[in-house]
Structure formats: structure tokens, C-alpha cells
>>> print(open('my_file_30.txt').read())   # compact mmCIF, C-alpha atoms and all ligand atoms
# COMPACT_ATOMS: atom_id res chain seq x y z
CA MET A 1 12.05 12.97 10.53
CA THR A 2 12.54 10.09 8.13
CA ALA A 3 15.45 7.84 7.34
CA THR A 4 16.04 5.18 4.77
CA THR A 5 16.16 1.84 6.55
CA SER A 6 19.47 0.12 5.96
CA GLY A 7 19.28 -2.46 3.20
CA LEU A 8 16.02 -1.10 1.90
CA SER A 9 17.36 1.79 -0.12
CA HIS A 10 16.86 1.33 -3.82
CA ARG A 11 17.65 3.65 -6.68
CA ALA A 12 18.35 7.24 -5.75
CA ASN A 13 15.15 8.63 -7.23
CA LEU A 14 12.98 5.85 -5.87
CA ALA A 15 14.39 5.41 -2.38
CA ILE A 16 11.71 4.05 -0.09
CA GLN A 17 11.41 6.19 2.98
CA PHE A 18 10.51 4.45 6.21
CA THR A 19 9.93 6.52 9.28
CA VAL A 20 12.11 5.02 11.97
CA THR A 21 11.90 7.82 14.50
CA PRO A 22 8.86 8.93 16.51
CA HIS A 23 6.27 10.96 14.67
CA PRO A 24 6.57 14.75 14.91
CA PRO A 25 5.29 16.08 18.20
CA PRO A 26 1.69 17.19 17.87
CA THR A 27 1.04 20.89 17.92
CA THR A 28 -2.73 20.63 18.23
CA ARG A 29 -5.17 18.01 19.42
CA GLY A 30 -6.38 15.64 16.72
CA PRO A 31 -9.80 14.18 15.95
CA ASP A 32 -11.64 11.93 18.43
CA LEU A 33 -11.01 8.89 16.23
CA PRO A 34 -7.91 8.26 14.09
CA ARG A 35 -8.69 10.01 10.81
CA LEU A 36 -7.50 8.53 7.53
CA TYR A 37 -7.20 10.68 4.43
CA THR A 38 -7.68 8.15 1.68
CA PHE A 39 -8.48 7.60 -1.97
CA ARG A 40 -10.52 4.52 -2.76
CA ARG A 41 -8.52 3.35 -5.80
CA CYS A 42 -5.04 4.16 -4.46
CA PRO A 43 -3.10 0.95 -3.75
CA TYR A 44 -1.17 2.59 -0.90
CA ALA A 45 -4.43 3.68 0.71
CA MET A 46 -5.90 0.19 0.22
CA ARG A 47 -3.06 -1.40 2.17
CA ALA A 48 -3.52 1.11 4.98
CA ARG A 49 -7.28 0.55 5.15
CA MET A 50 -6.85 -3.22 5.17
CA ALA A 51 -4.30 -3.02 7.99
CA LEU A 52 -6.56 -0.79 10.09
CA LEU A 53 -9.50 -3.14 9.51
CA GLN A 54 -7.46 -6.28 10.16
CA ALA A 55 -6.24 -4.78 13.45
CA GLU A 56 -9.83 -3.80 14.32
CA ARG A 57 -8.83 -0.16 14.79
CA ALA A 58 -11.84 2.13 14.72
CA PHE A 59 -11.20 5.03 12.37
CA GLU A 60 -12.95 7.66 10.33
CA ALA A 61 -12.03 8.29 6.74
CA VAL A 62 -12.01 11.26 4.40
CA GLU A 63 -12.16 10.48 0.68
CA VAL A 64 -9.76 12.84 -1.08
CA SER A 65 -9.89 14.14 -4.61
CA LEU A 66 -6.25 14.03 -5.75
CA ARG A 67 -6.95 16.96 -8.09
CA ASP A 68 -8.47 19.09 -5.35
CA LYS A 69 -6.89 18.11 -2.05
CA PRO A 70 -8.67 19.43 1.03
CA ALA A 71 -7.04 22.23 3.01
CA SER A 72 -7.24 20.04 6.13
CA LEU A 73 -4.92 17.47 4.45
CA LEU A 74 -2.53 20.11 3.14
CA ALA A 75 -2.31 21.58 6.63
CA LEU A 76 -1.24 18.20 8.05
CA SER A 77 1.15 17.05 5.36
CA SER A 78 3.25 19.13 3.00
CA LYS A 79 3.71 16.21 0.60
CA ALA A 80 -0.03 15.50 0.80
CA THR A 81 0.02 12.03 -0.68
CA VAL A 82 -2.62 9.57 0.47
CA PRO A 83 -2.91 7.79 2.80
CA VAL A 84 -2.30 10.10 5.75
CA LEU A 85 -3.40 9.17 9.26
CA GLN A 86 -4.03 11.80 11.91
CA LEU A 87 -4.15 10.46 15.45
CA PRO A 88 -6.21 11.80 18.36
CA ASP A 89 -3.02 13.10 20.03
CA GLY A 90 -2.47 15.27 16.93
CA SER A 91 0.44 13.32 15.46
CA VAL A 92 0.44 12.54 11.77
CA ILE A 93 1.63 9.43 9.88
CA GLU A 94 2.32 10.14 6.21
CA GLU A 95 3.51 6.82 4.77
CA SER A 96 1.33 3.78 4.13
CA TRP A 97 3.84 1.29 5.56
CA ASP A 98 4.09 3.37 8.75
CA ILE A 99 0.29 3.41 9.03
CA MET A 100 0.34 -0.37 8.69
CA ARG A 101 2.96 -0.56 11.43
CA TRP A 102 0.88 1.69 13.69
CA ALA A 103 -2.16 -0.52 13.09
CA LEU A 104 -0.57 -3.94 13.35
CA ALA A 105 2.71 -3.84 15.28
CA ALA A 106 1.53 -3.46 18.87
CA PRO A 107 -0.06 -5.60 19.97
CA ASP A 108 0.84 -8.11 17.29
CA ALA A 109 -1.07 -11.03 18.75
CA GLN A 110 -1.44 -12.82 15.43
CA GLY A 111 2.04 -12.02 14.11
CA TRP A 112 0.84 -10.11 11.02
CA TRP A 113 3.56 -7.51 11.57
CA SER A 114 6.42 -9.71 12.77
CA ARG A 115 6.14 -12.11 9.83
CA ALA A 116 6.40 -9.11 7.50
CA GLN A 117 9.80 -8.29 8.99
CA LEU A 118 11.40 -11.48 7.64
CA PRO A 119 14.15 -10.57 5.15
CA ALA A 120 12.35 -12.29 2.24
CA ASN A 121 9.24 -10.22 2.93
CA LEU A 122 11.11 -6.93 3.32
CA ASP A 123 12.82 -7.75 0.03
CA LEU A 124 9.45 -8.26 -1.70
CA LEU A 125 8.15 -5.00 -0.27
CA GLN A 126 11.19 -3.17 -1.58
CA ARG A 127 10.73 -4.73 -5.02
CA ASN A 128 7.05 -3.85 -4.99
CA ASP A 129 7.39 -0.23 -3.91
CA GLY A 130 10.52 0.30 -6.00
CA ASP A 131 11.12 -1.34 -9.37
CA PHE A 132 7.72 -2.99 -9.74
CA LYS A 133 5.80 0.25 -9.18
CA HIS A 134 8.22 2.04 -11.53
CA HIS A 135 7.62 -0.44 -14.37
CA LEU A 136 3.90 -0.83 -13.67
CA ASP A 137 3.31 2.92 -14.02
CA ARG A 138 5.23 3.07 -17.29
CA TRP A 139 3.29 0.14 -18.72
CA LYS A 140 -0.12 1.31 -17.48
CA TYR A 141 0.28 5.03 -18.22
CA PRO A 142 2.68 5.31 -21.21
CA GLN A 143 1.25 8.75 -22.11
CA ARG A 144 2.63 10.11 -18.81
CA TYR A 145 6.16 8.95 -19.65
CA ALA A 146 6.68 10.25 -23.16
CA ASN A 147 10.48 10.48 -22.85
CA GLU A 148 10.98 6.85 -21.87
CA THR A 149 13.55 4.87 -23.82
CA LEU A 150 11.97 1.49 -22.99
CA THR A 151 8.69 0.52 -24.64
CA PRO A 152 5.62 -0.09 -22.46
CA ASP A 153 5.89 -3.83 -23.14
CA ALA A 154 9.51 -3.82 -21.99
CA HIS A 155 8.33 -2.25 -18.72
CA ARG A 156 5.61 -4.88 -18.44
CA ASP A 157 8.20 -7.65 -18.86
CA SER A 158 10.51 -6.06 -16.31
CA ALA A 159 7.62 -5.87 -13.84
CA LEU A 160 7.10 -9.60 -14.30
CA GLU A 161 10.76 -10.32 -13.63
CA VAL A 162 11.21 -8.06 -10.66
CA LEU A 163 8.14 -9.04 -8.65
CA LEU A 164 5.67 -11.46 -10.16
CA LYS A 165 8.05 -14.34 -10.85
CA PRO A 166 9.63 -14.22 -7.37
CA LEU A 167 6.12 -13.88 -5.93
CA GLU A 168 4.99 -16.98 -7.85
CA ALA A 169 7.93 -18.94 -6.41
CA ARG A 170 7.05 -17.83 -2.87
CA LEU A 171 3.34 -18.59 -3.22
CA HIS A 172 4.04 -21.94 -4.82
CA SER A 173 5.50 -23.17 -1.55
CA ALA A 174 3.11 -21.44 0.91
CA PRO A 175 -0.40 -20.01 0.51
CA TRP A 176 0.52 -16.57 1.86
CA LEU A 177 3.62 -14.45 2.23
CA GLY A 178 3.20 -14.93 5.96
CA GLY A 179 3.41 -18.71 5.40
CA ALA A 180 0.42 -20.66 6.65
CA THR A 181 -1.31 -17.39 7.57
CA PRO A 182 -1.13 -13.96 5.90
CA CYS A 183 0.95 -11.01 7.08
CA ALA A 184 1.33 -7.30 6.41
CA THR A 185 3.36 -8.00 3.25
CA ASP A 186 0.37 -9.77 1.66
CA LEU A 187 -1.72 -6.67 2.33
CA ALA A 188 1.01 -4.31 1.11
CA VAL A 189 1.73 -6.07 -2.19
CA MET A 190 -1.71 -7.30 -3.20
CA PRO A 191 -3.22 -3.93 -4.32
CA PHE A 192 -0.33 -3.41 -6.76
CA VAL A 193 -0.62 -6.93 -8.20
CA ARG A 194 -4.34 -6.25 -8.60
CA GLN A 195 -3.48 -3.16 -10.64
CA PHE A 196 -1.05 -5.08 -12.81
CA ALA A 197 -3.59 -7.87 -13.43
CA ALA A 198 -6.27 -5.35 -14.42
CA VAL A 199 -4.26 -3.69 -17.21
CA GLU A 200 -4.73 -6.62 -19.61
CA PRO A 201 -6.78 -9.24 -17.76
CA GLU A 202 -7.00 -11.72 -20.68
CA TRP A 203 -3.24 -11.71 -21.11
CA PHE A 204 -2.66 -11.95 -17.35
CA ALA A 205 -4.88 -15.06 -17.27
CA THR A 206 -2.56 -16.81 -19.71
CA LEU A 207 0.63 -16.31 -17.68
CA ASP A 208 2.37 -19.11 -15.87
CA LEU A 209 1.47 -17.51 -12.53
CA GLN A 210 -1.15 -19.91 -11.15
CA SER A 211 -0.21 -19.39 -7.51
CA VAL A 212 -0.23 -15.59 -7.85
CA ARG A 213 -3.65 -15.69 -9.54
CA SER A 214 -5.19 -17.89 -6.89
CA TRP A 215 -3.65 -15.76 -4.08
CA LEU A 216 -4.93 -12.58 -5.77
CA ASN A 217 -8.41 -13.99 -6.38
CA GLY A 218 -8.58 -15.14 -2.76
CA TRP A 219 -7.83 -11.61 -1.58
CA LEU A 220 -10.21 -9.97 -4.06
CA GLY A 221 -13.10 -12.04 -2.70
CA SER A 222 -12.08 -11.73 0.95
CA PRO A 223 -14.26 -9.90 3.51
CA LEU A 224 -11.19 -7.80 4.37
CA PHE A 225 -10.68 -6.49 0.85
CA LEU A 226 -14.39 -6.01 0.21
CA ALA A 227 -14.67 -4.02 3.45
CA CYS A 228 -11.67 -1.88 2.53
CA MET A 229 -13.36 -0.93 -0.76
CA HIS A 230 -16.37 0.55 1.05
CA LYS A 231 -17.48 3.69 -0.83
CA LEU A 232 -17.29 6.91 1.14
CA PRO A 233 -19.29 10.07 0.51
CA ALA A 234 -17.38 12.80 -1.32
CA GLU A 235 -17.62 15.18 1.63
CA GLY A 236 -16.76 14.96 5.33
CA ALA A 237 -15.21 12.41 7.65
CA THR A 238 -17.14 9.13 7.89
CA ARG A 239 -16.75 6.42 10.50
CA PHE A 240 -15.40 3.53 8.45
CA PRO A 241 -17.44 0.34 8.91
CA LEU A 242 -15.43 -2.35 10.64
CA LEU A 243 -15.35 -5.90 9.29
N1 LIG B 301 5.10 6.50 -0.33
C1 LIG B 301 3.71 6.89 -0.21
C2 LIG B 301 3.10 6.94 -1.59
C3 LIG B 301 1.65 7.37 -1.60
C4 LIG B 301 1.21 7.85 -2.98
O1 LIG B 301 2.03 8.09 -3.88
N2 LIG B 301 -0.12 8.00 -3.14
C5 LIG B 301 -0.60 8.58 -4.37
C6 LIG B 301 -1.98 8.09 -4.74
S1 LIG B 301 -2.01 6.37 -5.16
C7 LIG B 301 -0.71 10.07 -4.16
O2 LIG B 301 -1.21 10.52 -3.17
N3 LIG B 301 -0.19 10.83 -5.12
C8 LIG B 301 -0.15 12.26 -4.96
C9 LIG B 301 -0.85 12.99 -5.97
O3 LIG B 301 -1.40 12.36 -6.88
O4 LIG B 301 -0.87 14.21 -5.85
C10 LIG B 301 3.00 5.90 0.73
O5 LIG B 301 3.44 4.75 0.83
O6 LIG B 301 2.04 6.28 1.41
>>> encode(input="my_file_30.txt", output="C-alpha cells")
Amino acid sequence: MTATTSGLSHRANLAIQFTVTPHPPPTTRGPDLPRLYTFRRCPYAMRARMALLQAERAFEAVEVSLRDKPASLLALSSKATVPVLQLPDGSVIEESWDIMRWALAAPDAQGWWSRAQLPANLDLLQRNDGDFKHHLDRWKYPQRYANETLTPDAHRDSALEVLLKPLEARLHSAPWLGGATPCATDLAVMPFVRQFAAVEPEWFATLDLQSVRSWLNGWLGSPLFLACMHKLPAEGATRFPLL
């Protein structure tokens, strides 16, 4: 059962769903290790993989073709988006932020989860998963949105306003969204900023977003991100290499 967390609802068609109740009771036993259904280039799956790695959770991963989803994924999740995490007790987590919570929240010895619960960080997450993602898709894939009234460049500019400028202000005063150390929000937002930066890299390099660029470049070269981009075979479940 899912519910929209108070204060995090957005526009009706883009409401961000956060699971706030226990996961559905398992009907069958799950795999020996937590099993992540993932897609290497999906930003939601990247954030989940980084959280699992950061928390040093052993897991196995199945690389999914989004055009030909495996029956094992469809059997677990009717919406069948990636990432999906199946736990050894058989329960299933279908939202990337919930997978991050499972990985990081308990124990939270280094505070990666608790710092992400600060209102300013929840606000950034909402912007990222809501308006920013909306405008990013319409800038990056204009052919998919033929009936749009706004031009792709207008979407690009809105994406800048809704996320990247506030992000620049935050990162100007602290190196990470967690402050002096990173938190789950850094991991959640970074793959989407990476996507935005990659649409027109030369143009992105000219923007007055020095702090965002240096934060992004730091993550792109980090052992955590490089480990999360490990290439999986097309078939089967593979034990994901830890950091
Ligand atoms: N709200 C979901 C969104 C996940 C999502 O949309 N993933 C994309 C891939 S990046 C997907 O699986 N799309 C379904 C499809 O293409 O069929 C989450 O946070 O996990």
C-alpha cells in the first residue's frame, strides 16, 4: 500500500509516491541475497545501486531490458519499473527512494539517511523527481512529446530554474547536500543532474553553475559511482561487486 507523504505531493499527474506502510507480506520465499532488478543507465536504478553499495549491503543484480522485461520481474511488480528489490523474506520494494531507505535508514551510523530528511533536502528531492524530471524529459526527448505547447528550450530553462539554480545555491555554501558529508539526497539527485549535463555538455560547461559542476564531477569520478556503473551480463542474477 502506498501513500503520498504529506507536503511532498506535487502535481496530480506527477505525484511522488512514497511507501510509508510496511511492504506487502511475502507470499513466497525470496532469493538468498537481496535481488535488484536494475537497468544500468536508469537514474532511479543508479541511486538505488549507490545506496546499497554505500550501506555495504550484499546484493545480486539482474540487468533488465526495458523493452523485454523478464517474467520474474513482472511476477513481482505489476508496474514493473526499475529498480525493484526483492528481499530474502519474499517482500518486494518497488520505488527507488524506498530501496534507498531500506539500504541506509537502519542502522544509519553515518547519518546518510537522517540528513536527507531535512526539509530542504526533501524539497530538493521533490523538485528533482517532479518538475525537474518532467522538464528534463521534454528537453531531452522532444520527439516523445509531440503535443507539447512549450518548446524544448523552454523546458530546459524551466529545469534550470526549478532545480539547478537552487542546487547551485545549496552547494555554494556546503560541499554536499548533507553538509560537510554527503547524504541520500546527493545520491538521489546526482544521476538526474548527470543526465541534464550530458544533453549539451558544451553549453552546460558555460553555465553559471560552478558549484554544481564541481559536485557532479566529484561524484562522477568517485569510487561509489564507478562501482555502481559496473556492467552486468545480459542474462541471470549476478552478485554485484561491493566497493
Ligand atoms: N518512481 C519510480 C520510477 C522508476 C522508473 O520510472 N524507471 C524507469 C527507467 S529509468 C522505468 O522502469 N520505466 C518503465 C519502462 O520503461 O517501462 C522509482 O523511483 O523507482
>>> closest_atom_pairs(input="my_file_30.txt", of="region 117-194 of chain A", to="region 221-235 of chain A", cutoff="12 Å", atoms="all atoms listed in the file", output="tab-separated table")
residue	atom	partner	partner_atom	distance
A:Pro182	CA	A:Leu224	CA	11.9
A:Asp186	CA	A:Phe225	CA	11.6
A:Leu187	CA	A:Phe225	CA	9.1
A:Ala188	CA	A:Phe225	CA	11.9
A:Met190	CA	A:Phe225	CA	9.9
A:Pro191	CA	A:Phe225	CA	9.4
A:Arg194	CA	A:Phe225	CA	11.4
>>> residues_near_ligand(input="my_file_30.txt", ligand="ligand LIG 301 (chain B)", cutoff="8 Å", atoms="only C-alpha atoms and all ligand atoms", output="list of chain:residue names")
A:Ile16, A:Gln17, A:Phe39, A:Arg41, A:Cys42, A:Pro43, A:Tyr44, A:Ala45, A:Leu66, A:Arg67, A:Lys79, A:Ala80, A:Thr81, A:Val82, A:Pro83, A:Val84, A:Glu94, A:Glu95, A:Ser96, A:Trp97, A:Asp129
>>> residues_around(input="my_file_30.txt", residues="Ala103 (chain A)", least_positions_apart="4", cutoff="10 Å", atoms="all atoms listed in the file", output="list in words")
Ala48, Arg49, Met50, Ala51, Leu52, Leu53, Gln54, Ala55, Glu56, Arg57, Trp97, Asp98, Ile99, Pro107, Asp108 and Trp113 of chain A
>>> write_last_selection(input="my_file_30.txt", atoms="C-alpha atoms", output="PDB file, in the coordinates of the input")
ATOM      1  CA  ALA A  48      -3.520   1.110   4.980  1.00  0.00           C
ATOM      2  CA  ARG A  49      -7.280   0.550   5.150  1.00  0.00           C
ATOM      3  CA  MET A  50      -6.850  -3.220   5.170  1.00  0.00           C
ATOM      4  CA  ALA A  51      -4.300  -3.020   7.990  1.00  0.00           C
ATOM      5  CA  LEU A  52      -6.560  -0.790  10.090  1.00  0.00           C
ATOM      6  CA  LEU A  53      -9.500  -3.140   9.510  1.00  0.00           C
ATOM      7  CA  GLN A  54      -7.460  -6.280  10.160  1.00  0.00           C
ATOM      8  CA  ALA A  55      -6.240  -4.780  13.450  1.00  0.00           C
ATOM      9  CA  GLU A  56      -9.830  -3.800  14.320  1.00  0.00           C
ATOM     10  CA  ARG A  57      -8.830  -0.160  14.790  1.00  0.00           C
ATOM     11  CA  TRP A  97       3.840   1.290   5.560  1.00  0.00           C
ATOM     12  CA  ASP A  98       4.090   3.370   8.750  1.00  0.00           C
ATOM     13  CA  ILE A  99       0.290   3.410   9.030  1.00  0.00           C
ATOM     14  CA  PRO A 107      -0.060  -5.600  19.970  1.00  0.00           C
ATOM     15  CA  ASP A 108       0.840  -8.110  17.290  1.00  0.00           C
ATOM     16  CA  TRP A 113       3.560  -7.510  11.570  1.00  0.00           C
TER      17      TRP A 113
END
>>> atom_distance(input="my_file_30.txt", atom1="CA of Thr28 (chain A)", atom2="CA of Ser91 (chain A)")
8.4 Å
>>> atom_distance(input="my_file_30.txt", atom1="CA of Arg138 (chain A)", atom2="CA of Gln126 (chain A)")
17.9 Å
>>> atom_distance(input="my_file_30.txt", atom1="CA of Leu136 (chain A)", atom2="CA of Glu161 (chain A)")
11.7 Å
>>> closest_residue(input="my_file_30.txt", among="A:Thr185, A:Ser72, A:Gln86, A:Thr151", to="Gln117 (chain A)", atoms="only C-alpha atoms")
A:Thr185
>>> closest_residue(input="my_file_30.txt", among="A:Asp89, A:Phe196, A:Leu177, A:Arg127", to="Asp157 (chain A)", atoms="all atoms listed in the file")
A:Phe196
>>> closest_residue(input="my_file_30.txt", among="A:Pro152, A:Pro88, A:Gly178, A:Pro34", to="Asn121 (chain A)", atoms="only C-alpha atoms")
A:Gly178
>>> closest_residue(input="my_file_30.txt", among="A:Trp139, A:Leu216, A:Tyr145, A:Val162", to="Glu200 (chain A)", atoms="all atoms listed in the file")
A:Trp139
>>> closest_residue(input="my_file_30.txt", among="A:Val199, A:Leu242, A:Ala75, A:Leu164", to="Trp215 (chain A)", atoms="only C-alpha atoms")
A:Leu164
>>> residues_around(input="my_file_30.txt", residues="Leu171 (chain A)", least_positions_apart="3", cutoff="8 Å", atoms="all atoms listed in the file", output="PyMOL selection string")
chain A and resi 167-168+174-177+211-212+215
>>> closest_residue(input="my_file_30.txt", among="A:Lys140, A:Arg115, A:Arg101, A:Arg170", to="Asp153 (chain A)", atoms="only C-alpha atoms")
A:Lys140
